[in-house]
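Input: a single structure, listed below in structure tokens.
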Amino acid sequence: MLYREAGQFKTSYAADQQVFPIRQDRIGVVALLVIAFVGIPLFASEYWFSAILIPFLIFALAALGLNVLTGYAGQLSLGSAAFMAVGAYAAYNFQLRVEGIPFLVSFALAGLTAAGVGILFGLPSLRIKGFYLAVATLAAQFFIVWCLTKFPWLSNNSSSGVISTQKLILFGRELNTPVEKYLLVLSIVVVMAMAAKNMVRSSTGRAWMAVRDMDVAASVIGIKLMPTKLLAFAVSSFYCGVAGALYAFAYLGSVEPDGFSLEMSFRILFMIIIGGVGSIMGSFLGAAFILLLPIFLDVALPFIANLLGLPFASATVSHIQITVFGALIMFFLIVEPHGLARLWQIAKEKLRLWPFPH
Amino acid sequence: MIKKFKPACVAAAISLTLLSTAASAAEEQFFPLIDYRVGPYGSNGQAFYGGFIDYLNYVNLKEKGVNGVQMTYEECETEYNNAKGVECYERLKSKAAKSAGPIHTMSTGISYALIDKSAQDKLPLAMMGYGRTDAVDGSVFPYAFPLVTTYQMQASAIIKFLKDKNAGSLAGKKIVYLYHDSAYGKEAIIAMEAEASLNKFQLVQIPVAHPGNEQGSQWTRIRQEKPDFVVFWGWGVMNQTALKTAQKNGYPREQMIGSWWTGSEEDVVPAGDAAKGYMAATWNVAGKQVPVIADIEKVVYGAGKGNLQDKAKIGTILYNRGVSAAVLSVEAIRKGQEKYGKGKALTGEQTRWALENLNINEARLKALGATDLLPEIKTSCDNHEGSGKVKIQQWDGARWVPVSGWIEGNKGLIHPLFQASAKQYAKEKGITPRDCTKEK
């Protein structure tokens, strides 16, 4: 009823090709952005900003990066955390070694550095596919972490390899409250998500999808495999790199190479699997699911236990939390193997046909 | 169904209201516990935080709190994961605004992530035996306390022990430093290098990649080098592997000395026979012969309020270490109350002052029943460590036996290293260090 498109006519090509062709979607997105930029800063507490919203946005960005590579271009990668590490350490070093470099520039350069490293580790994708490629990107994961530990120059000779990030100064103003950091992260994520959305609708994105669906056919219709695949690696690593820089600067404030472990890469991969492979929105849904659900369970379980008078030790709560989390992942994958984004899409289609969905 | 639950719900509701009314009547000192009991290092956390909580309950039961102020706590599980640690910190922060004891995270990574935040929020961060060691310089790190001793001082103390064993000189000897290739393992290198140039022994550094369950090549190299001693900085599964591999390669374990994270029952028992004779540093002894440990078992477990599910952990190295951390924390509360009013809970800022002015001597330790659980401690603005002493203990196949008295590292050599590093940090972060001569 709310979602009926009757009466929405498109009279120009531009109108037909816009990002959100349905009016309700446009209104929804604008409303969401208004809530994110104005509503949340007015009402959310410090805990929400620094423990929930900022990491959610950062991981959504990293998942978005991986989704470009795995979801759209079909190249499986297990190196996302390593590319984040490259971004984090690159941003730190640019800030440290280039006098007076603006933060946004150093984030962009960090992204480009990660993109360069991504291209390097993307080279094997020209010859190998699928699981074999995943193993090759696994090399990136181990090599980069090793490299950051091995060469003390990269961490400014810190005795422990841990870097402590510089103060975030933007336009001559120090960002030290969680709200300011949140707004910075949100702005970057919104801009990059819009860019990604447009990219996957462009000829580049269509070339990626063609390669994903069948690379031989893609090359027959004139898509050059090498530049297409490497571009996907570059764009993906760029997103991961920026996410890594934000992770270090806007979230934790100090990072060590071991923090960007294989486990983190897996988490990002799970985010896109749960959220929806090949969907921009899925990256956000997946990040929310993987990050927020454990926190929610962590808070809710002791409360429920208390209510029922069950004597739970805190370790038991953690074990139950892990179990419930695992069960929910399996439930969602069985009910909808294409992820949460697909659930949303189905719901939308049904709403559009309402009251006679089929 | 609902009918069945109803009495339980009512009872729960009544007990909750009772609890909350009781709580509002008495003053409470809140401890935010950012801890871990599951995950790869869960069993270490269970022993440590079990000891910590047991001691808090012990103080509540035995003497009705500190001057009538009850110790309370809330746990938050981090699984030794930095991001989760930050989330826990943010979650407990609002509760700690009114009153806060020192935060113990038992994780170097989480401590690093919290150093700036805790200073901003005025919450004291304790890092007993881990963490950012240059926080010894309190002029730059007012809210961070690497209490008791640090990796660098420990390395220096181990060298001193070896020197004493070798009639006062290590000149011309060869020492292998075998370490976990991570922030933790690398922290002590700077001290080992300084000691090597001072004492003129040859230092060979051999890293072991995480997790360290395969050390064949490292021990082949050690066999070739034929070192006089192996100083060993391991963590988790790496420890037992090293001991077993050393046995396989015929290297005498009596010539191996480990750091305090390699010297718990969890490390040597799985290595079985191979661990016999192996030595490790520690700042607390194991066993129930320590009076306060025995008393905790009697009072807290007697009242059925013990935190450990596995009572066998009582008296292990890590359990006792947890108790030692709690003893220091509670003593800080006591000290703070002397200044800010007896019978009142301390805010984070007041606890910070107390931690900086701790003075626990042998007599006080004896009164607490904590002799040998801790060395004497006296902290100040420019010395947040307060002691720098360790004991060396040896595994006799069944239990850890102390084989030395308290050994202090070479403060004159090590502390300037901290100051230099803290100064660099202050410069990077734009912090103006406090003037310690003006602190009272």
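Residue numbering restarts at 1 in every chain; chains get A, B, ... in the order shown in the structure tokens, and ligands count up from 1 in that same order.
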What are the residues of chain B lining chain A at 6 Å or less? Count only C-alpha atoms, and put the answer as an mmCIF file with C-alpha atoms, in the first residue's frame.
data_model
loop_
_atom_site.group_PDB
_atom_site.id
_atom_site.type_symbol
_atom_site.label_atom_id
_atom_site.label_comp_id
_atom_site.auth_asym_id
_atom_site.auth_seq_id
_atom_site.Cartn_x
_atom_site.Cartn_y
_atom_site.Cartn_z
ATOM 1 C CA ALA B 12 13.225 -12.394 41.699
ATOM 2 C CA ARG B 37 36.913 -16.298 30.706
ATOM 3 C CA GLU B 87 33.215 -1.945 23.827
ATOM 4 C CA GLU B 90 32.560 2.091 27.067
ATOM 5 C CA ALA B 113 43.692 0.920 23.233
ATOM 6 C CA ALA B 183 54.363 -6.703 20.940
ATOM 7 C CA LYS B 186 59.594 -7.512 21.654
ATOM 8 C CA GLU B 187 59.100 -5.239 24.659
#
According to DSSP computed on the backbone, where in stretch 104-310 of chain A is there alpha helix (DSSP H)? Give the residues as a PyMOL selection string. chain A and resi 104-122+130-150+178-201+203-213+215-220+225-246+262-275+280-308
As a PDB file with C-alpha atoms, in the first residue's frame, please: the residues near B:Lys313 (cut-off 12 Å, only C-alpha atoms, same-chain neighbours under 2 positions excluded).
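Resulting contents of part-v1.pdb:
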ATOM      1  CA  SER B  43      41.647 -20.545  31.377  1.00  0.00           C
ATOM      2  CA  ASN B  44      44.270 -17.961  32.347  1.00  0.00           C
ATOM      3  CA  GLY B  45      41.547 -15.372  32.772  1.00  0.00           C
ATOM      4  CA  GLN B  46      39.396 -17.679  34.881  1.00  0.00           C
ATOM      5  CA  ALA B  47      42.181 -18.166  37.405  1.00  0.00           C
ATOM      6  CA  PHE B  48      43.252 -14.529  37.491  1.00  0.00           C
ATOM      7  CA  TYR B  49      39.809 -12.926  37.718  1.00  0.00           C
ATOM      8  CA  GLY B  50      38.586 -15.694  40.000  1.00  0.00           C
ATOM      9  CA  GLY B  51      41.325 -14.683  42.435  1.00  0.00           C
ATOM     10  CA  SER B 264      52.247 -20.933  35.485  1.00  0.00           C
ATOM     11  CA  GLU B 265      50.935 -24.448  36.025  1.00  0.00           C
ATOM     12  CA  GLU B 266      49.074 -24.171  32.716  1.00  0.00           C
ATOM     13  CA  ALA B 286      52.113 -20.170  44.174  1.00  0.00           C
ATOM     14  CA  GLY B 287      50.472 -22.303  46.815  1.00  0.00           C
ATOM     15  CA  LYS B 288      48.052 -22.135  49.669  1.00  0.00           C
ATOM     16  CA  ILE B 293      44.963 -17.598  50.155  1.00  0.00           C
ATOM     17  CA  GLU B 297      39.362 -20.580  50.772  1.00  0.00           C
ATOM     18  CA  GLY B 306      33.597 -18.477  45.732  1.00  0.00           C
ATOM     19  CA  ASN B 307      33.928 -17.392  42.149  1.00  0.00           C
ATOM     20  CA  LEU B 308      35.828 -20.395  40.794  1.00  0.00           C
ATOM     21  CA  GLN B 309      33.896 -23.358  39.505  1.00  0.00           C
ATOM     22  CA  ASP B 310      37.058 -25.410  39.465  1.00  0.00           C
ATOM     23  CA  LYS B 311      38.361 -25.171  43.017  1.00  0.00           C
ATOM     24  CA  GLY B 315      46.625 -21.440  44.952  1.00  0.00           C
ATOM     25  CA  THR B 316      47.876 -21.655  41.369  1.00  0.00           C
ATOM     26  CA  ILE B 317      50.239 -18.979  40.143  1.00  0.00           C
ATOM     27  CA  LEU B 318      47.614 -17.110  38.186  1.00  0.00           C
ATOM     28  CA  TYR B 319      44.983 -17.331  40.912  1.00  0.00           C
ATOM     29  CA  ASN B 320      47.436 -15.928  43.409  1.00  0.00           C
ATOM     30  CA  ARG B 321      48.369 -13.268  40.888  1.00  0.00           C
ATOM     31  CA  GLY B 322      44.731 -12.247  40.658  1.00  0.00           C
TER      32      GLY B 322
END
Out of B:Leu368, B:Trp261, B:Gln154, B:Ile190, which residue has the shortest atom-to-atom distance to B:Glu63 when counting only C-alpha atoms? B:Leu368
All residues 12 Å or closer to A:Ser125, only C-alpha atoms, same chain fewer than 6 positions away omitted, as JSON, numbers by chain: {"A": [69, 70, 73, 74, 75, 76, 77, 118, 119, 131, 132, 133, 134, 135, 136, 137, 211, 215, 225, 226, 227, 228, 229, 230, 231, 232, 233]}
Interatomic distance, atom CA of A:Leu32 to atom CA of A:Ile268 (Å, one decimal):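 It comes out at 23.9 Å.
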Name all residues at most 9 Å from B:Phe30 (count only C-alpha atoms; drop same-chain ones fewer than 3 positions away) and give them as a PyMOL selection string. chain B and resi 70-74+95-96+98-101+345-346
Using only C-alpha atoms, find the one residue out of A:Leu293, A:Val242, A:Leu112, A:Leu138 that sits nearest to A:Val189.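 With only C-alpha atoms as the atom set, the closest residue is A:Val242.
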Hey, what's within 12 Å of B:Arg223 if we count only C-alpha atoms and toss same-chain stuff fewer than 5 positions away? As a list in words, please? Val176, Gly216, Ser217, Gln218, Asp228, Phe229, Val230, Thr245, Ala246, Gln247, Lys248, Asn249, Gly250, Tyr251 and Pro252 of chain B
Report as number ranges by chain all protein, DNA and RNA residues lying within 7 Å of A:Gly278, evaluated on only C-alpha atoms, omitting residues in the same chain fewer than 2 positions from it. A: 67, 71-72, 276, 280
Between atom CA of B:Ala119 and atom CA of B:Cys88, measure the distance and give it in Å to one decimal.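 Here the two named atoms are 16.4 Å from each other.
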Go ahead and compute the interatomic distance for atom CA of A:Ala81 and atom CA of B:Lys93, in Å to one decimal.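 A separation of 28.6 Å between them.
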Point out the residue among B:Ser182, B:Ser94, B:Ser139, B:Ser387 with the least atom-to-atom distance to B:Gly109, counting only C-alpha atoms.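 Closest candidate: B:Ser182.
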Nearest residue to A:Tyr92 from the set B:Glu428, B:Thr241, B:Tyr278, B:Arg253 (distances using only C-alpha atoms):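 Of the candidates, the smallest distance to A:Tyr92 is held by B:Glu428.
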Given only C-alpha atoms as the basis, pick out the residue of B:Asn410, B:Thr351, B:Gln29, B:Thr379 nearest to B:Pro102.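 Result for the nearest residue to B:Pro102: B:Thr351.
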Of the candidates A:Ile22, A:Ala245, A:Ile274, A:Ala114, which shows the shortest atom-to-atom distance to A:Ile334, using only C-alpha atoms?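 Ranking A:Ile22, A:Ala245, A:Ile274, A:Ala114 by distance to A:Ile334, first place goes to A:Ile274.
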